[in-house]
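> My structure is in coords_34.pdb, and what it holds is PDB, C-alpha atoms:
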```
ATOM      1  CA  MET A 196      15.990 -23.820 -15.637
ATOM      2  CA  THR A 197      14.611 -20.323 -15.240
ATOM      3  CA  ARG A 198      14.258 -18.502 -11.938
ATOM      4  CA  HIS A 199      10.911 -17.004 -13.006
ATOM      5  CA  TYR A 200       7.533 -18.698 -12.566
ATOM      6  CA  ASP A 201       5.945 -17.193 -15.673
ATOM      7  CA  GLU A 202       7.097 -15.845 -19.020
ATOM      8  CA  ALA A 203       7.396 -12.260 -20.226
ATOM      9  CA  PRO A 204       9.764 -10.352 -22.506
ATOM     10  CA  GLY A 205      12.775  -8.725 -20.906
ATOM     11  CA  LEU A 206      13.222 -11.098 -17.949
ATOM     12  CA  CYS A 207      16.774 -11.663 -16.739
ATOM     13  CA  ASP A 208      17.476 -15.337 -16.012
ATOM     14  CA  LYS A 209      20.896 -14.822 -14.440
ATOM     15  CA  PRO A 210      20.669 -12.121 -11.768
ATOM     16  CA  ASP A 211      23.741 -10.226 -10.682
ATOM     17  CA  PRO A 212      24.907 -12.064  -7.525
ATOM     18  CA  GLU A 213      25.181  -8.710  -5.739
ATOM     19  CA  THR A 214      21.387  -8.307  -5.913
ATOM     20  CA  GLN A 215      20.605 -11.576  -4.118
ATOM     21  CA  GLN A 216      20.395  -9.866  -0.744
ATOM     22  CA  TYR A 217      18.345  -6.898  -1.949
ATOM     23  CA  SER A 218      14.739  -6.675  -0.795
ATOM     24  CA  PHE A 219      11.802  -4.445  -1.654
ATOM     25  CA  GLY A 220      11.331  -2.368   1.481
ATOM     26  CA  HIS A 221       8.752   0.356   1.023
ATOM     27  CA  THR A 222       6.862   2.631  -1.274
ATOM     28  CA  MET A 223       6.361   6.347  -0.665
ATOM     29  CA  MET A 224       3.314   8.512  -1.277
ATOM     30  CA  ARG A 225       2.888  12.196  -0.502
ATOM     31  CA  ILE A 226      -0.031  13.153   1.718
ATOM     32  CA  LYS A 227      -1.757  16.485   2.274
ATOM     33  CA  ASP A 228      -3.109  16.054   5.819
ATOM     34  CA  PRO A 229      -1.395  13.552   8.149
ATOM     35  CA  ALA A 230      -4.335  13.378  10.575
ATOM     36  CA  ARG A 231      -6.730  12.257   7.816
ATOM     37  CA  SER A 232      -4.257   9.877   6.156
ATOM     38  CA  LEU A 233      -3.017   8.286   9.378
ATOM     39  CA  ASP A 234      -6.623   7.753  10.498
ATOM     40  CA  PHE A 235      -7.408   6.053   7.182
ATOM     41  CA  TYR A 236      -4.383   3.744   7.151
ATOM     42  CA  THR A 237      -4.468   2.862  10.868
ATOM     43  CA  ARG A 238      -8.215   2.740  11.611
ATOM     44  CA  VAL A 239      -9.686   1.779   8.249
ATOM     45  CA  LEU A 240      -6.936  -0.544   6.962
ATOM     46  CA  GLY A 241      -5.390  -1.669  10.278
ATOM     47  CA  MET A 242      -1.807  -0.546   9.717
ATOM     48  CA  THR A 243       0.530   0.403  12.566
ATOM     49  CA  LEU A 244       2.776   3.468  12.670
ATOM     50  CA  ILE A 245       6.219   1.970  13.277
ATOM     51  CA  ARG A 246       8.436   5.040  13.014
ATOM     52  CA  ARG A 247       8.138   8.768  12.387
ATOM     53  CA  PHE A 248      10.992  10.933  11.106
ATOM     54  CA  ASP A 249      10.737  14.742  11.376
ATOM     55  CA  PHE A 250      12.984  16.995   9.285
ATOM     56  CA  PRO A 251      12.377  20.552  10.616
ATOM     57  CA  GLU A 252      15.095  22.174   8.490
ATOM     58  CA  MET A 253      13.492  20.820   5.316
ATOM     59  CA  LYS A 254       9.926  21.062   6.656
ATOM     60  CA  PHE A 255       8.664  17.536   6.102
ATOM     61  CA  THR A 256       7.790  14.403   8.077
ATOM     62  CA  LEU A 257       7.966  10.740   7.073
ATOM     63  CA  PHE A 258       5.564   8.196   8.562
ATOM     64  CA  PHE A 259       6.425   4.497   8.119
ATOM     65  CA  LEU A 260       3.504   2.106   8.515
ATOM     66  CA  GLY A 261       3.252  -1.656   8.319
ATOM     67  CA  MET A 262       0.909  -4.540   8.946
ATOM     68  CA  VAL A 263       1.954  -5.815  12.380
ATOM     69  CA  SER A 264       0.301  -8.831  13.986
ATOM     70  CA  GLY A 265       0.281  -9.341  17.756
ATOM     71  CA  GLU A 266       3.240 -11.711  17.605
ATOM     72  CA  GLU A 267       5.244  -9.404  15.333
ATOM     73  CA  ALA A 268       4.554  -6.400  17.577
ATOM     74  CA  ASN A 269       6.820  -7.935  20.215
ATOM     75  CA  LYS A 270       9.722  -7.808  17.740
ATOM     76  CA  VAL A 271       9.468  -4.051  17.110
ATOM     77  CA  PRO A 272      12.259  -2.340  19.091
ATOM     78  CA  GLN A 273      11.287   0.431  21.485
ATOM     79  CA  GLU A 274      14.525   2.395  21.072
ATOM     80  CA  ARG A 275      14.107   4.846  18.164
ATOM     81  CA  GLY A 276      17.453   4.141  16.466
ATOM     82  CA  LYS A 277      16.906   0.385  16.513
ATOM     83  CA  ARG A 278      13.320   0.927  15.358
ATOM     84  CA  ALA A 279      14.652   2.868  12.346
ATOM     85  CA  THR A 280      16.852  -0.105  11.464
ATOM     86  CA  TYR A 281      13.835  -2.374  11.933
ATOM     87  CA  VAL A 282      11.752  -0.224   9.534
ATOM     88  CA  PHE A 283      14.410  -0.298   6.829
ATOM     89  CA  SER A 284      14.852  -4.059   7.120
ATOM     90  CA  GLN A 285      11.150  -4.882   6.630
ATOM     91  CA  ARG A 286       9.277  -5.685   3.451
ATOM     92  CA  ALA A 287       6.231  -3.884   2.095
ATOM     93  CA  MET A 288       6.245  -0.842   4.358
ATOM     94  CA  LEU A 289       4.247   2.249   3.431
ATOM     95  CA  GLU A 290       6.024   5.591   3.718
ATOM     96  CA  LEU A 291       3.716   8.604   3.878
ATOM     97  CA  THR A 292       5.497  11.915   3.296
ATOM     98  CA  HIS A 293       3.957  15.126   4.606
ATOM     99  CA  ASN A 294       5.360  18.425   3.381
ATOM    100  CA  TRP A 295       4.512  20.849   6.151
ATOM    101  CA  GLY A 296       1.775  23.367   5.389
ATOM    102  CA  THR A 297       0.025  21.367   2.667
ATOM    103  CA  GLU A 298      -2.868  20.619   5.016
ATOM    104  CA  ASP A 299      -3.749  24.343   4.919
ATOM    105  CA  ASP A 300      -3.095  24.849   1.193
ATOM    106  CA  ASP A 301      -6.337  24.661  -0.804
ATOM    107  CA  ASN A 302      -4.326  24.389  -4.041
ATOM    108  CA  CYS A 303      -2.367  21.319  -2.918
ATOM    109  CA  LYS A 304      -3.520  18.135  -4.637
ATOM    110  CA  TYR A 305      -1.418  15.085  -5.386
ATOM    111  CA  HIS A 306      -1.697  13.121  -8.621
ATOM    112  CA  ASN A 307      -3.069   9.642  -7.935
ATOM    113  CA  GLY A 308      -1.547   8.114 -11.076
ATOM    114  CA  ASN A 309      -4.896   6.941 -12.446
ATOM    115  CA  GLU A 310      -5.729  10.181 -14.222
ATOM    116  CA  GLU A 311      -3.870  11.448 -17.296
ATOM    117  CA  PRO A 312      -0.965  11.195 -17.550
ATOM    118  CA  LYS A 313      -1.248   7.755 -15.997
ATOM    119  CA  GLY A 314       1.587   6.356 -13.923
ATOM    120  CA  PHE A 315       1.370   4.931 -10.428
ATOM    121  CA  GLY A 316      -1.744   2.768 -10.093
ATOM    122  CA  HIS A 317      -2.610   1.596  -6.600
ATOM    123  CA  LEU A 318      -1.650  -0.141  -3.371
ATOM    124  CA  GLY A 319      -3.078  -3.602  -2.720
ATOM    125  CA  PHE A 320      -4.385  -4.926   0.598
ATOM    126  CA  THR A 321      -5.184  -8.608   0.993
ATOM    127  CA  VAL A 322      -8.140  -9.456   3.226
ATOM    128  CA  PRO A 323      -9.566 -12.821   4.346
ATOM    129  CA  ASP A 324     -13.028 -12.090   2.884
ATOM    130  CA  VAL A 325     -13.294  -9.384   0.228
ATOM    131  CA  TYR A 326     -17.085  -9.167   0.533
ATOM    132  CA  ALA A 327     -17.041  -8.693   4.327
ATOM    133  CA  ALA A 328     -14.198  -6.162   4.047
ATOM    134  CA  CYS A 329     -16.076  -4.154   1.406
ATOM    135  CA  GLU A 330     -19.255  -4.199   3.489
ATOM    136  CA  ARG A 331     -17.244  -2.764   6.407
ATOM    137  CA  LEU A 332     -15.620  -0.107   4.195
ATOM    138  CA  GLU A 333     -19.022   0.905   2.869
ATOM    139  CA  LYS A 334     -20.372   1.263   6.438
ATOM    140  CA  LEU A 335     -17.370   3.459   7.256
ATOM    141  CA  GLY A 336     -18.295   5.759   4.366
ATOM    142  CA  ILE A 337     -15.158   5.043   2.347
ATOM    143  CA  GLU A 338     -15.400   6.139  -1.302
ATOM    144  CA  PHE A 339     -15.325   3.284  -3.804
ATOM    145  CA  VAL A 340     -13.767   3.577  -7.261
ATOM    146  CA  LYS A 341     -15.009   0.081  -8.106
ATOM    147  CA  LYS A 342     -17.344  -2.075  -6.007
ATOM    148  CA  VAL A 343     -16.434  -5.718  -5.497
ATOM    149  CA  ASP A 344     -18.591  -7.222  -8.246
ATOM    150  CA  ALA A 345     -18.835  -4.248 -10.614
ATOM    151  CA  GLY A 346     -17.307  -4.426 -14.058
ATOM    152  CA  LYS A 347     -15.644  -7.323 -15.845
ATOM    153  CA  MET A 348     -13.130  -8.219 -13.139
ATOM    154  CA  GLN A 349     -15.270  -9.318 -10.233
ATOM    155  CA  GLY A 350     -14.171 -10.242  -6.732
ATOM    156  CA  ILE A 351     -11.933  -7.207  -6.202
ATOM    157  CA  ALA A 352     -12.682  -3.647  -5.192
ATOM    158  CA  PHE A 353     -10.912  -0.303  -5.291
ATOM    159  CA  VAL A 354     -11.401   2.466  -2.727
ATOM    160  CA  LYS A 355      -9.815   5.911  -2.380
ATOM    161  CA  ASP A 356      -7.672   7.141   0.479
ATOM    162  CA  PRO A 357      -7.976  10.792   1.662
ATOM    163  CA  ASP A 358      -5.574  11.985  -1.067
ATOM    164  CA  GLY A 359      -7.378  10.106  -3.831
ATOM    165  CA  TYR A 360      -4.852   7.265  -4.145
ATOM    166  CA  TRP A 361      -6.498   4.000  -5.138
ATOM    167  CA  ILE A 362      -6.396   1.043  -2.753
ATOM    168  CA  GLU A 363      -7.161  -2.412  -4.132
ATOM    169  CA  ILE A 364      -9.012  -4.739  -1.748
ATOM    170  CA  LEU A 365      -8.545  -8.372  -2.695
ATOM    171  CA  GLN A 366      -8.807 -11.879  -1.334
ATOM    172  CA  ALA A 367      -5.720 -14.076  -1.879
ATOM    173  CA  ASP A 368      -7.590 -17.046  -3.345
ATOM    174  CA  MET A 369      -9.993 -15.058  -5.545
ATOM    175  CA  ALA A 370      -8.024 -15.627  -8.776
ATOM    176  CA  GLU A 371      -8.032 -19.351  -8.124
ATOM    177  CA  GLN A 372     -11.777 -19.277  -7.373
ATOM    178  CA  ARG A 373     -12.640 -17.191 -10.448
ATOM    179  CA  GLY A 374     -10.419 -19.104 -12.871
ATOM    180  CA  LYS A 375     -10.522 -17.851 -16.448
ATOM    181  CA  ASP A 376     -12.174 -14.574 -15.414
ATOM    182  CA  TRP A 377      -8.850 -13.756 -13.760
ATOM    183  CA  GLY A 378      -6.559 -14.764 -16.599
ATOM    184  CA  LEU A 379      -6.030 -18.353 -15.480
ATOM    185  CA  GLN A 380      -7.038 -19.860 -18.825
ATOM    186  CA  GLN A 381      -3.341 -20.034 -19.826
TER
END
```
Here is the file; what I need is its structure written in the form of structure tokens.

Amino acid sequence: MTRHYDEAPGLCDKPDPETQQYSFGHTMMRIKDPARSLDFYTRVLGMTLIRRFDFPEMKFTLFFLGMVSGEEANKVPQERGKRATYVFSQRAMLELTHNWGTEDDDNCKYHNGNEEPKGFGHLGFTVPDVYAACERLEKLGIEFVKKVDAGKMQGIAFVKDPDGYWIEILQADMAEQRGKDWGLQQ
């Protein structure tokens, strides 16, 4: 019996027992202007700033954001040390790194991974209704890379954050609804 739910070359069927308590905690992206980026991720996408780390000697700040529901908010410790432990024990946190001074540097631009050479692709946010979410984003003046029903893969959208990183907006059951259009013919 395999531990994977699908097939692909290179999969390891017998994981090293030491990895069984590992978890994917966060991903980091560099940002130019914290005010613009924090507004986007907290106001536009609904994330919550859980913990900020300032490193004056090295001139950078880390902002850790997560999706926190009302019930989960009560579990976030108030004490900064305990809140740091909380951040590093969560799954799917977003770490925004600001190197001080970039907000005033006209030459500072971060690679979004979707231009050559390609690399990093996007972050994904799941919403209850992709059409309603995209209508809201459009009203907020957010730049779209791909509108919800444009192109061959319909039912998902891509928008840009202030640094040009792509954000996928999707509905959890859209693949099931769309069937073969979403690769479910297998």
> Give me, please, the distance in Å between CA of Lys270 (chain A) and CA of Ala367 (chain A), quoted to one decimal.
25.7 Å
> Would you mind telling me which residue in A:Thr292, A:Asn302, A:Gln366, A:Thr197 lies nearest to Phe248 (chain A) when using only C-alpha atoms?
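Looking at the shortest contact to Phe248 (chain A), the residue is A:Thr292.
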> Could you please determine the separation between CA of Gln216 (chain A) and CA of Phe283 (chain A) in Å, to one decimal place?
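Interatomic distance here is 13.6 Å.
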> Using only C-alpha atoms, determine which residues lie at most 8 Å from region 308-319 of chain A, disregarding the query and same-chain residues fewer than 3 positions distant; provide the list as a PyMOL selection string.
chain A and resi 360-365
> How would the residues just picked look written out with C-alpha atoms as a compact mmCIF listing (two decimals), in the coordinates of the input?

```txt
# COMPACT_ATOMS: atom_id res chain seq x y z
CA TYR A 360 -4.85 7.26 -4.14
CA TRP A 361 -6.50 4.00 -5.14
CA ILE A 362 -6.40 1.04 -2.75
CA GLU A 363 -7.16 -2.41 -4.13
CA ILE A 364 -9.01 -4.74 -1.75
CA LEU A 365 -8.54 -8.37 -2.70
```
> Counting all atoms listed in the file, I want the residues whose atoms come within 9 Å of (7.4, -3.7, 7.1) in the file frame, returned as a list of chain:residue names.
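Nearby residues: A:Gly220, A:His221, A:Ile245, A:Phe259, A:Leu260, A:Gly261, A:Met262, A:Val263, A:Tyr281, A:Val282, A:Phe283, A:Ser284, A:Gln285, A:Arg286, A:Ala287, A:Met288, A:Leu289.
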> What is the distance between CA of Thr256 (chain A) and CA of Tyr217 (chain A), in Å to one decimal?
25.8 Å
> Check what the PyMOL selection byres ((chain A and resi 208-211) around 8) selects in the file above and give those residues as a PyMOL selection string.
chain A and resi 197-199+206-207+212-215
> Write out, as a PDB file, keeping the file's coordinate frame, the residues just selected, with C-alpha atoms.

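Output (again.pdb):
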```
ATOM      1  CA  THR A 197      14.611 -20.323 -15.240  1.00  0.00           C
ATOM      2  CA  ARG A 198      14.258 -18.502 -11.938  1.00  0.00           C
ATOM      3  CA  HIS A 199      10.911 -17.004 -13.006  1.00  0.00           C
ATOM      4  CA  LEU A 206      13.222 -11.098 -17.949  1.00  0.00           C
ATOM      5  CA  CYS A 207      16.774 -11.663 -16.739  1.00  0.00           C
ATOM      6  CA  PRO A 212      24.907 -12.064  -7.525  1.00  0.00           C
ATOM      7  CA  GLU A 213      25.181  -8.710  -5.739  1.00  0.00           C
ATOM      8  CA  THR A 214      21.387  -8.307  -5.913  1.00  0.00           C
ATOM      9  CA  GLN A 215      20.605 -11.576  -4.118  1.00  0.00           C
TER      10      GLN A 215
END
```
> Find the axis-aligned box for region 221-227 of chain A, covering all its listed atoms and adding 4 Å on each side, and write its centre and edge lengths in Å to one decimal as JSON.

```
{"center_x": 3.5, "center_y": 8.4, "center_z": 0.5, "size_x": 18.5, "size_y": 24.1, "size_z": 11.6}
```
> Pick out the closest residue to His293 (chain A) from this set: A:Leu244, A:Val322, A:Val239, A:Met253. Count all atoms listed in the file.
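Nearest candidate to His293 (chain A) out of A:Leu244, A:Val322, A:Val239, A:Met253: A:Met253.
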